[in-house]
Amino acid sequence: MTMEIATTTRLARSPSSQPFAFVWNAWRQMTGEQVRLAALFWLSWGLTAGLTSLASHPSYATWEPITTGFYDTFFVTAALLLGVAAADAYPQSQGPHWLPYAIAALVADLVGTPLYVFTEPMVGLQCCWDGPRPHDSAFLVAGLGANFVICTLATFGYFHRRRASRRVAALRGAQLERERLARRAFEARLQAMQARVEPRFLFNTLAQVESLYETDATSADRMLDDLIVYLRAALPQLRETASTVAREIELARAYLNVAQARKDDRLSLKVVMARDASDVRFPPMVLLPLIEHSIVHRLAPLKASDAIGLGARLENGKLCLTVTDSGARSLYHDTGNAALHGIRERLTALYGAAASLSLDPEVDRGLRAVIEIPHESIDHRSHR
């Protein structure tokens, strides 16, 4: 019963079952682009027809051929606009795509031409003839032939333009869909990587705490406290793909403390962050690899004064986050570094060419990395 009702409804809305309702709805849905193109076509056609008549019959006043040209072409253009609007709304699955437009051109010619032929004398237009105005039938036949050619050319020009525009839109839509799927696949890979890394980091740290309790209970307690601080910062966002600058810096600080729990001299973080940069969206798993590099790859034995500098500011619609450490090995010439590859892959997947990771070429200065991403604020309510 439901299928019968649905079928009846579709038939009632189809062009073949209710042609007048279909045409009326098509006219009501006429777009501004269709009207603009029709107006441009009418102005160019009417002016061309008027100037051609003026050149052929210079004895007439200038306004007469011009007015007659615009008057005659107006009726045909209006009929053509209505026909094209109906052709655009016609289902493409029913017959050749060009057929509704051919019918639109023919109907516009058959409707518009008689209108101006029989109404010209009523409005006082008697232009432009070498002698008396020919009989309406002769005038009509000549007009039908010329106008059909012009309407056909104009209609099929519009048809091919519209088909090309729809193909471009379809290609663009397919490209956007591929980018969306690629981004989702990358996010899935990232979450799988986080799922592997987080338990390993946690288990290794707990094993270190257990081992440390046998030799230095005080250091073990401190390491356990640092781990708790890290987990409090990390757990709320373990499966999220968006964070903020402030949260990532807090996480980096906690990670730094846990990773150095068994060392006497520790790296510290020196943060210089603009007030308007703290709540800016920033992807996870971008800052931590650079922090880990500073811990592992030192140019000289760690000193108490060593520190990692973090700077965050907004500039020209972008967030600029700078990581500096004069005691860490430079990454500029390390093109095969897995951490750099992972960061750049993540930035490209999320922002395309709008994001970048640049490194200082001066190796003697140690590590200096600048991450630039588009400025996006984040809604805290979505991360509670």
# chains A, B, ... in the order shown; residues from 1 in each chain; ligands from 1
>>> residues_around(residues="Asp226 in chain A", least_positions_apart="6", cutoff="7 Å", atoms="only C-alpha atoms", output="mmCIF file with C-alpha atoms, in the first residue's frame")
data_model
loop_
_atom_site.group_PDB
_atom_site.id
_atom_site.type_symbol
_atom_site.label_atom_id
_atom_site.label_comp_id
_atom_site.auth_asym_id
_atom_site.auth_seq_id
_atom_site.Cartn_x
_atom_site.Cartn_y
_atom_site.Cartn_z
ATOM 1 C CA ALA A 254 53.753 16.998 32.223
ATOM 2 C CA ASN A 257 58.538 15.812 33.946
ATOM 3 C CA VAL A 258 57.686 12.120 33.556
#
>>> residues_around(residues="Thr48 in chain A", least_positions_apart="6", cutoff="10 Å", atoms="only C-alpha atoms", output="PyMOL selection string")
chain A and resi 42+54+66+69-70
>>> residues_around(residues="Ala146 in chain A", least_positions_apart="4", cutoff="10 Å", atoms="only C-alpha atoms", output="PyMOL selection string")
chain A and resi 109+113+141-142+150-151
>>> write_last_selection(atoms="C-alpha atoms", output="short mmCIF file (atom, residue, chain, number, x, y, z; two decimals), in the first residue's frame")
data_model
loop_
_atom_site.label_atom_id
_atom_site.label_comp_id
_atom_site.auth_asym_id
_atom_site.auth_seq_id
_atom_site.Cartn_x
_atom_site.Cartn_y
_atom_site.Cartn_z
CA ASP A 109 10.21 30.80 -31.65
CA THR A 113 7.59 35.59 -33.08
CA VAL A 141 7.53 33.19 -41.95
CA ALA A 142 10.70 35.26 -42.24
CA ILE A 150 19.15 32.32 -33.17
CA CYS A 151 17.14 30.60 -30.41
#
>>> closest_residue(among="A:Ala259, A:Ile249, A:Ala307, A:Cys128", to="Ala55 in chain A", atoms="only C-alpha atoms")
A:Cys128
>>> closest_residue(among="A:Glu362, A:Glu210, A:Glu248, A:Asp334", to="Leu321 in chain A", atoms="only C-alpha atoms")
A:Glu248
>>> closest_residue(among="A:Arg28, A:Arg36, A:Arg184, A:Arg162", to="Ala349 in chain A", atoms="only C-alpha atoms")
A:Arg184
>>> residues_around(residues="Val123 in chain A", least_positions_apart="6", cutoff="12 Å", atoms="only C-alpha atoms", output="mmCIF file with N, CA and C atoms, in the first residue's frame")
data_model
loop_
_atom_site.group_PDB
_atom_site.id
_atom_site.type_symbol
_atom_site.label_atom_id
_atom_site.label_comp_id
_atom_site.auth_asym_id
_atom_site.auth_seq_id
_atom_site.Cartn_x
_atom_site.Cartn_y
_atom_site.Cartn_z
ATOM 1 N N THR A 67 14.384 50.804 -31.095
ATOM 2 C CA THR A 67 13.203 50.431 -30.313
ATOM 3 C C THR A 67 12.556 49.169 -30.867
ATOM 4 N N THR A 68 12.443 49.090 -32.179
ATOM 5 C CA THR A 68 11.833 47.912 -32.799
ATOM 6 C C THR A 68 12.664 46.660 -32.529
ATOM 7 N N TYR A 71 12.036 45.638 -28.985
ATOM 8 C CA TYR A 71 10.647 45.179 -28.838
ATOM 9 C C TYR A 71 10.482 43.762 -29.386
ATOM 10 N N ASP A 72 10.968 43.535 -30.597
ATOM 11 C CA ASP A 72 10.793 42.221 -31.222
ATOM 12 C C ASP A 72 11.516 41.121 -30.454
ATOM 13 N N TYR A 116 5.238 39.471 -31.488
ATOM 14 C CA TYR A 116 5.680 40.800 -31.932
ATOM 15 C C TYR A 116 5.213 41.127 -33.347
ATOM 16 N N VAL A 117 5.018 40.094 -34.186
ATOM 17 C CA VAL A 117 4.537 40.354 -35.547
ATOM 18 C C VAL A 117 3.151 40.986 -35.520
#
>>> closest_residue(among="A:Leu125, A:Ile291, A:Leu82, A:Gly157", to="Trp98 in chain A", atoms="only C-alpha atoms")
A:Gly157
>>> closest_residue(among="A:Leu110, A:Ala217, A:Val35, A:Gln126", to="Pro65 in chain A", atoms="only C-alpha atoms")
A:Gln126
>>> atom_distance(atom1="CA of Thr348 in chain A", atom2="CA of Ser243 in chain A")
16.9 Å
>>> atom_distance(atom1="CA of Ser377 in chain A", atom2="CA of Leu227 in chain A")
29.4 Å
>>> closest_residue(among="A:Ser137, A:Asn25, A:Ser56, A:Thr155", to="Leu81 in chain A", atoms="only C-alpha atoms")
A:Thr155
>>> atom_distance(atom1="CA of Ala185 in chain A", atom2="CA of Ala312 in chain A")
29.3 Å
>>> select_by_dssp(residues="range 53-203 of chain A", states="alpha helix (DSSP H)", output="PyMOL selection string")
chain A and resi 53-56+63-89+99-123+136-203
>>> select_by_dssp(residues="range 278-365 of chain A", states="strand (DSSP E or B)", output="ChimeraX atom specification")
/A:280-282,298,307-315,318-325,328,356-359
>>> residues_around(residues="Arg329 in chain A", least_positions_apart="4", cutoff="12 Å", atoms="only C-alpha atoms", output="ChimeraX atom specification")
/A:290-300,324-325,333-334,359-369
>>> write_last_selection(atoms="C-alpha atoms", output="compact mmCIF listing (two decimals), in the first residue's frame")
# COMPACT_ATOMS: atom_id res chain seq x y z
CA LEU A 290 59.73 17.94 19.25
CA ILE A 291 59.83 17.84 23.06
CA GLU A 292 60.92 14.21 22.93
CA HIS A 293 63.67 15.12 20.46
CA SER A 294 65.01 17.73 22.87
CA ILE A 295 65.15 15.16 25.66
CA VAL A 296 66.85 12.39 23.69
CA HIS A 297 69.18 14.21 21.27
CA ARG A 298 71.41 16.58 23.28
CA LEU A 299 74.52 18.28 21.91
CA ALA A 300 76.14 18.21 25.35
CA THR A 324 63.74 26.49 20.54
CA ASP A 325 66.42 24.55 22.39
CA HIS A 333 69.50 18.22 7.70
CA ASP A 334 67.71 15.21 9.18
CA LEU A 359 63.46 24.57 10.67
CA ASP A 360 66.39 26.91 11.29
CA PRO A 361 69.23 26.06 8.84
CA GLU A 362 71.90 27.20 11.33
CA VAL A 363 72.92 23.89 12.91
CA ASP A 364 75.04 25.58 15.59
CA ARG A 365 71.94 27.19 17.09
CA GLY A 366 70.48 23.83 18.01
CA LEU A 367 66.79 23.13 17.53
CA ARG A 368 64.55 25.88 16.24
CA ALA A 369 61.25 24.84 14.70
